[in-house]
file final_6.cif (mmCIF, C-alpha atoms and all ligand atoms)
data_structure
#
loop_
_atom_site.label_atom_id
_atom_site.label_comp_id
_atom_site.auth_asym_id
_atom_site.auth_seq_id
_atom_site.Cartn_x
_atom_site.Cartn_y
_atom_site.Cartn_z
CA ASN A 1 -0.94 -42.56 -18.91
CA MET A 2 -3.07 -39.62 -19.96
CA LEU A 3 -3.44 -38.60 -16.30
CA ASN A 4 0.26 -38.90 -15.85
CA ARG A 5 0.92 -36.61 -18.82
CA LEU A 6 -1.55 -34.01 -17.53
CA PHE A 7 0.11 -34.17 -14.13
CA GLN A 8 3.57 -33.66 -15.67
CA ARG A 9 2.32 -30.71 -17.68
CA SER A 10 0.79 -29.00 -14.68
CA ILE A 11 4.02 -29.45 -12.69
CA ALA A 12 5.96 -27.85 -15.56
CA GLN A 13 3.53 -24.92 -15.72
CA THR A 14 3.67 -24.36 -11.99
CA SER A 15 7.46 -24.34 -11.89
CA ARG A 16 7.59 -21.96 -14.85
CA LEU A 17 5.18 -19.58 -13.12
CA THR A 18 7.16 -19.70 -9.89
CA PHE A 19 10.33 -19.00 -11.82
CA MET A 20 8.76 -16.01 -13.59
CA GLN A 21 7.44 -14.58 -10.34
CA CYS A 22 10.82 -14.89 -8.65
CA ARG A 23 12.55 -13.32 -11.59
CA SER A 24 10.18 -10.35 -11.82
CA PHE A 25 10.38 -9.56 -8.10
CA ALA A 26 14.06 -10.30 -7.56
CA SER A 27 15.17 -7.72 -10.08
CA PHE A 28 13.75 -4.23 -10.25
CA GLN A 29 14.84 -1.20 -12.15
CA LYS A 30 16.63 1.26 -9.93
CA ALA A 31 15.76 4.95 -9.83
CA VAL A 32 18.49 7.06 -11.42
CA LEU A 33 19.58 10.63 -10.72
CA LYS A 34 19.44 11.99 -14.25
CA PRO A 35 22.00 14.61 -15.30
CA LEU A 36 20.65 18.15 -14.98
CA PRO A 37 19.34 19.50 -18.30
CA TYR A 38 21.87 22.40 -17.91
CA ALA A 39 25.22 23.07 -16.25
CA ILE A 40 25.35 23.03 -12.44
CA ASN A 41 26.01 26.80 -12.54
CA GLY A 42 23.53 27.38 -15.39
CA LEU A 43 20.84 28.95 -13.22
CA GLU A 44 23.15 31.63 -11.78
CA PRO A 45 22.66 34.29 -10.56
CA ILE A 46 19.11 33.21 -9.61
CA ILE A 47 20.30 29.93 -8.05
CA SER A 48 24.01 29.67 -7.24
CA GLN A 49 26.22 26.72 -8.11
CA ASN A 50 26.85 26.30 -4.39
CA LEU A 51 23.13 25.89 -3.70
CA MET A 52 22.72 23.51 -6.67
CA GLU A 53 25.60 21.35 -5.47
CA PHE A 54 23.69 20.79 -2.24
CA HIS A 55 20.18 20.69 -3.66
CA TYR A 56 20.81 18.47 -6.68
CA GLY A 57 24.05 16.79 -5.63
CA LYS A 58 23.14 16.00 -2.01
CA HIS A 59 19.40 16.33 -1.33
CA HIS A 60 18.09 14.88 -4.59
CA GLN A 61 20.82 12.22 -4.60
CA THR A 62 19.80 11.18 -1.08
CA TYR A 63 16.17 10.69 -2.14
CA VAL A 64 17.35 8.46 -5.00
CA THR A 65 19.68 6.46 -2.73
CA ASN A 66 17.01 6.03 -0.04
CA LEU A 67 14.37 5.09 -2.61
CA ASN A 68 16.59 2.39 -4.12
CA ASN A 69 17.37 0.93 -0.69
CA LEU A 70 13.66 0.84 0.09
CA LEU A 71 12.77 -0.68 -3.28
CA GLU A 72 15.37 -3.38 -2.69
CA GLN A 73 13.83 -4.18 0.71
CA ALA A 74 10.36 -4.09 -0.83
CA SER A 75 11.32 -6.47 -3.62
CA VAL A 76 12.82 -8.92 -1.10
CA ALA A 77 9.66 -8.65 1.02
CA LEU A 78 7.45 -9.32 -2.00
CA GLU A 79 9.60 -12.22 -3.10
CA GLY A 80 9.29 -13.77 0.33
CA GLY A 81 5.55 -13.10 0.52
CA ASP A 82 6.00 -10.71 3.48
CA HIS A 83 3.16 -8.38 2.57
CA GLN A 84 3.10 -6.79 5.99
CA LYS A 85 6.70 -5.65 5.57
CA TYR A 86 5.89 -4.38 2.08
CA VAL A 87 2.96 -2.32 3.33
CA ASP A 88 5.04 -0.99 6.24
CA LEU A 89 7.69 0.21 3.77
CA SER A 90 5.19 2.02 1.59
CA GLN A 91 5.13 5.35 3.47
CA ALA A 92 8.89 5.73 3.26
CA ILE A 93 8.75 4.74 -0.42
CA LYS A 94 6.12 7.39 -1.01
CA PHE A 95 8.19 10.07 0.75
CA ASN A 96 11.50 9.29 -0.91
CA GLY A 97 9.92 8.43 -4.26
CA GLY A 98 8.00 11.71 -4.16
CA GLY A 99 11.24 13.49 -3.28
CA HIS A 100 12.95 11.96 -6.30
CA LEU A 101 10.14 12.53 -8.81
CA ASN A 102 9.23 16.04 -7.62
CA HIS A 103 12.85 17.19 -7.94
CA GLU A 104 13.23 15.63 -11.39
CA PHE A 105 10.12 17.53 -12.52
CA PHE A 106 11.38 20.72 -10.86
CA TRP A 107 14.78 20.66 -12.62
CA GLU A 108 13.01 20.15 -15.94
CA SER A 109 10.76 23.14 -15.19
CA LEU A 110 13.78 25.48 -15.14
CA ILE A 111 16.27 26.67 -17.77
CA PRO A 112 19.17 29.15 -17.81
CA VAL A 113 18.32 32.78 -18.66
CA ALA A 114 20.69 32.53 -21.66
CA ASN A 115 18.65 29.62 -23.07
CA GLY A 116 15.23 31.19 -22.70
CA GLY A 117 14.62 31.18 -18.94
CA GLY A 118 11.78 33.49 -17.98
CA VAL A 119 10.68 34.16 -21.57
CA LEU A 120 6.89 34.26 -21.26
CA PRO A 121 4.64 32.23 -23.55
CA LYS A 122 3.39 34.27 -26.54
CA GLU A 123 0.19 36.17 -25.85
CA GLY A 124 -1.64 34.30 -28.61
CA SER A 125 -0.57 30.87 -27.34
CA ASP A 126 -2.92 28.30 -25.78
CA LEU A 127 -1.00 28.37 -22.49
CA TYR A 128 -1.16 32.15 -22.20
CA ALA A 129 -4.90 32.12 -22.94
CA GLY A 130 -5.47 29.30 -20.42
CA ILE A 131 -3.63 31.22 -17.69
CA VAL A 132 -5.55 34.45 -18.41
CA ASP A 133 -8.86 32.50 -18.36
CA ALA A 134 -8.01 31.03 -14.97
CA PHE A 135 -6.37 33.95 -13.16
CA GLY A 136 -7.49 37.10 -15.01
CA SER A 137 -3.99 37.94 -16.25
CA PHE A 138 -0.52 36.42 -16.46
CA ASP A 139 0.74 38.79 -13.75
CA ALA A 140 -2.16 37.83 -11.49
CA MET A 141 -1.17 34.16 -11.84
CA VAL A 142 2.45 34.95 -10.92
CA ALA A 143 1.33 37.01 -7.91
CA HIS A 144 -1.08 34.28 -6.74
CA PHE A 145 1.48 31.50 -7.25
CA SER A 146 4.27 33.44 -5.50
CA ALA A 147 2.23 34.53 -2.49
CA ASN A 148 0.63 31.14 -1.89
CA THR A 149 3.82 29.12 -2.43
CA ALA A 150 5.76 31.43 -0.08
CA ALA A 151 2.96 30.89 2.45
CA VAL A 152 3.30 27.07 2.55
CA GLN A 153 3.81 26.10 6.19
CA GLY A 154 6.96 24.07 6.64
CA SER A 155 8.14 22.25 3.51
CA GLY A 156 6.32 21.70 0.25
CA TRP A 157 5.73 22.60 -3.36
CA GLY A 158 3.71 25.09 -5.44
CA TRP A 159 2.16 23.78 -8.66
CA LEU A 160 0.45 24.94 -11.81
CA ALA A 161 -1.84 22.12 -12.83
CA TYR A 162 -4.13 21.27 -15.70
CA ASN A 163 -7.51 20.01 -14.49
CA LYS A 164 -8.76 17.48 -17.06
CA THR A 165 -12.30 17.55 -15.67
CA SER A 166 -12.84 21.30 -15.98
CA ASP A 167 -10.29 21.93 -18.77
CA GLU A 168 -8.82 24.70 -16.61
CA ILE A 169 -5.42 25.65 -15.24
CA GLU A 170 -5.26 25.68 -11.43
CA PHE A 171 -2.83 26.48 -8.63
CA HIS A 172 -2.17 23.89 -5.93
CA THR A 173 0.28 23.29 -3.11
CA THR A 174 1.46 19.98 -1.68
CA ALA A 175 3.15 19.36 1.66
CA ASN A 176 6.50 17.66 2.22
CA GLN A 177 7.17 15.31 -0.70
CA ASP A 178 3.54 14.76 -1.62
CA ARG A 179 2.84 14.50 -5.32
CA LEU A 180 0.31 16.59 -7.21
CA SER A 181 -1.38 13.31 -8.18
CA ASP A 182 -2.22 12.80 -4.47
CA LYS A 183 -4.87 15.47 -5.06
CA GLY A 184 -6.50 13.47 -7.83
CA ALA A 185 -5.74 11.75 -11.12
CA HIS A 186 -7.58 14.53 -12.96
CA LEU A 187 -4.64 16.90 -12.30
CA THR A 188 -1.61 16.98 -14.61
CA PRO A 189 1.39 18.98 -13.38
CA LEU A 190 2.57 21.80 -15.65
CA LEU A 191 5.08 23.58 -13.39
CA THR A 192 6.40 23.14 -9.88
CA ILE A 193 8.51 25.25 -7.55
CA ASP A 194 10.31 23.71 -4.57
CA ILE A 195 9.73 25.75 -1.40
CA TRP A 196 11.66 23.52 1.01
CA GLU A 197 14.19 25.59 2.98
CA HIS A 198 17.04 23.74 1.21
CA ALA A 199 15.75 25.16 -2.11
CA TYR A 200 16.57 28.79 -1.26
CA TYR A 201 18.26 29.24 2.12
CA LEU A 202 21.91 29.37 0.94
CA ASP A 203 21.07 32.17 -1.53
CA TYR A 204 18.06 33.96 0.01
CA GLN A 205 18.37 33.03 3.70
CA ASN A 206 15.01 33.38 5.44
CA VAL A 207 13.40 35.61 2.78
CA ARG A 208 11.19 33.17 0.89
CA PRO A 209 9.29 35.90 -1.01
CA ASN A 210 12.56 37.09 -2.62
CA PHE A 211 13.23 33.57 -3.90
CA MET A 212 9.68 33.44 -5.26
CA THR A 213 10.23 36.79 -7.02
CA GLU A 214 13.51 35.70 -8.64
CA ILE A 215 12.65 32.12 -9.63
CA TRP A 216 10.39 33.27 -12.51
CA LYS A 217 13.54 34.44 -14.35
CA VAL A 218 14.56 30.80 -14.89
CA VAL A 219 11.17 29.16 -15.51
CA ASN A 220 11.09 27.19 -18.76
CA TRP A 221 7.77 28.35 -20.21
CA GLU A 222 8.41 26.46 -23.43
CA LYS A 223 8.47 23.24 -21.41
CA VAL A 224 5.32 24.29 -19.52
CA SER A 225 3.60 24.96 -22.87
CA GLU A 226 4.61 21.51 -24.15
CA ARG A 227 3.19 19.88 -21.02
CA TYR A 228 -0.04 21.85 -21.35
CA LEU A 229 -0.54 20.87 -25.00
CA ALA A 230 0.24 17.22 -24.22
CA ALA A 231 -2.17 17.21 -21.25
CA ARG A 232 -5.04 18.62 -23.32
CA ASN A 233 -4.63 16.07 -26.14
FE FE B 1 14.28 20.26 -2.84
#
call {"tool": "encode", "arguments": {"input": "final_6.cif", "output": "C-alpha cells"}}
result
Amino acid sequence: NMLNRLFQRSIAQTSRLTFMQCRSFASFQKAVLKPLPYAINGLEPIISQNLMEFHYGKHHQTYVTNLNNLLEQASVALEGGDHQKYVDLSQAIKFNGGGHLNHEFFWESLIPVANGGGVLPKEGSDLYAGIVDAFGSFDAMVAHFSANTAAVQGSGWGWLAYNKTSDEIEFHTTANQDRLSDKGAHLTPLLTIDIWEHAYYLDYQNVRPNFMTEIWKVVNWEKVSERYLAARN
C-alpha cells in the first residue's frame, strides 16, 4: 500500500514536470519592434524620414520578423528534443537577434536636435571626464570614433564602451550584427553608430565620412551619461 502510494506520487510529479516543460517551451515571448522614441522625421535633416522609413520600418522590422520565425522553430525543436536542429538555428538567431537588439540600442542612442541632440555632456560631468581620460579630449574621441567607424570593412557598428575591468571608456567596432558583448562580458555599451550601407546611403550615398561627421548632431549624450553612471554602479 505504501509502495503503491509512493508510486502514484512519483507518477503525478513526473507528469507535472512534463507539463511544465512543455508549457515553458511551447510558448515564448516574441521580440517586438518598439516605437521609435521620436517621430519618424525627428532626426531630420541629419537622417531623412525617407531613410528612416527604410531603416526602421523595413530593415529593423525584418530582423524582428526573422528572429520571431527562428525563435518559433527553435522552441518547437526544443520541445521535440531536437537539439541538433536547435544548435543549427543558433547562428541565424544570433545574426537576426543581434540585428534587432543593435538597432534598438542605436535608436535609443539618438534624439532630435530640438530635444537636445548633439548637446555635449557638461565638462564637469563624470562622462566628460571619463572620455577625456581615455582619449585626451572630447574632440579626440569624436575624431577617433568617426575615422575608425567609417573605416569598418563591409557592414558593422562603432561603439563607445565602458570596460568594467579597467574602469575606462573604450572604442570598439563589431562586424555585421555582432554584439559588443561578443568581445567580452566586461564591456557595457554606452553608444553605438550603425555603419551598414543602409544606415546612410539614401542620404549620404557613398560618402561614409560625411555621415560620421553629421551623426554627432543627433547623439543623445544625456542617455549615454545615464548608461555610463548605471554601468559604473
Ligand atoms: Fe541598420
call {"tool": "closest_residue", "arguments": {"input": "final_6.cif", "among": "A:Asn69, A:Ser155, A:Thr213, A:Asn41", "to": "ligand FE 1 (chain B)", "atoms": "all atoms listed in the file"}}
result
A:Ser155
call {"tool": "atom_distance", "arguments": {"input": "final_6.cif", "atom1": "atom CA of A:Leu191", "atom2": "atom CA of A:Thr62"}}
result
22.8 Å
call {"tool": "residues_around", "arguments": {"input": "final_6.cif", "residues": "stretch 100-108 of chain A", "least_positions_apart": "3", "cutoff": "6 Å", "atoms": "all atoms listed in the file", "output": "PyMOL selection string"}}
result
chain A and resi 63-64+97+192
call {"tool": "atom_distance", "arguments": {"input": "final_6.cif", "atom1": "atom CA of A:Ala129", "atom2": "atom CA of A:Glu226"}}
result
14.3 Å
call {"tool": "atom_distance", "arguments": {"input": "final_6.cif", "atom1": "atom CA of A:Asn220", "atom2": "atom CA of A:Ile111"}}
result
5.3 Å
call {"tool": "residues_near_ligand", "arguments": {"input": "final_6.cif", "ligand": "ligand FE 1 (chain B)", "cutoff": "9 Å", "atoms": "all atoms listed in the file", "output": "MDAnalysis selection string"}}
result
chainID A and resid 55:56 59:60 99 102:103 106 156:157 177 193:200
call {"tool": "closest_residue", "arguments": {"input": "final_6.cif", "among": "A:Gly57, A:Gly80, A:Gly130, A:Gly136", "to": "A:Ser166", "atoms": "only C-alpha atoms"}}
result
A:Gly130
call {"tool": "residues_near_point", "arguments": {"input": "final_6.cif", "point": "(-0.3, 27.7, 3.0)", "cutoff": "12 Å", "atoms": "all atoms listed in the file", "output": "ChimeraX atom specification"}}
result
/A:144-158,171-175,195
call {"tool": "closest_residue", "arguments": {"input": "final_6.cif", "among": "A:Ile46, A:Leu33, A:Ala92, A:Ile40", "to": "A:Val113", "atoms": "only C-alpha atoms"}}
result
A:Ile46
call {"tool": "closest_residue", "arguments": {"input": "final_6.cif", "among": "A:Leu160, A:Val224, A:Ile47, A:Ala31", "to": "A:Tyr204", "atoms": "all atoms listed in the file"}}
result
A:Ile47
call {"tool": "closest_residue", "arguments": {"input": "final_6.cif", "among": "A:Asp178, A:Leu71, A:Pro35, A:Val142", "to": "A:Gly118", "atoms": "all atoms listed in the file"}}
result
A:Val142
call {"tool": "closest_residue", "arguments": {"input": "final_6.cif", "among": "A:Leu120, A:Phe138, A:Glu170, A:Asn176", "to": "A:Lys94", "atoms": "all atoms listed in the file"}}
result
A:Asn176
call {"tool": "decode", "arguments": {"input": "final_6.cif", "residues": "stretch 85-103 of chain A", "atoms": "C-alpha atoms", "output": "mmCIF file, in the first residue's frame"}}
result
data_model
loop_
_atom_site.group_PDB
_atom_site.id
_atom_site.type_symbol
_atom_site.label_atom_id
_atom_site.label_comp_id
_atom_site.auth_asym_id
_atom_site.auth_seq_id
_atom_site.Cartn_x
_atom_site.Cartn_y
_atom_site.Cartn_z
ATOM 1 C CA LYS A 85 18.152 21.485 -35.048
ATOM 2 C CA TYR A 86 18.299 23.965 -32.173
ATOM 3 C CA VAL A 87 22.079 24.292 -32.429
ATOM 4 C CA ASP A 88 21.863 24.611 -36.219
ATOM 5 C CA LEU A 89 19.423 27.519 -35.822
ATOM 6 C CA SER A 90 21.640 29.367 -33.378
ATOM 7 C CA GLN A 91 23.798 31.253 -35.911
ATOM 8 C CA ALA A 92 20.765 32.707 -37.662
ATOM 9 C CA ILE A 93 19.266 33.575 -34.262
ATOM 10 C CA LYS A 94 22.484 35.343 -33.324
ATOM 11 C CA PHE A 95 22.535 37.331 -36.579
ATOM 12 C CA ASN A 96 18.891 38.384 -36.561
ATOM 13 C CA GLY A 97 18.759 38.800 -32.776
ATOM 14 C CA GLY A 98 21.883 40.963 -32.945
ATOM 15 C CA GLY A 99 20.264 42.947 -35.762
ATOM 16 C CA HIS A 100 17.191 43.562 -33.632
ATOM 17 C CA LEU A 101 18.998 44.443 -30.392
ATOM 18 C CA ASN A 102 21.729 46.566 -32.005
ATOM 19 C CA HIS A 103 19.137 48.679 -33.823
#
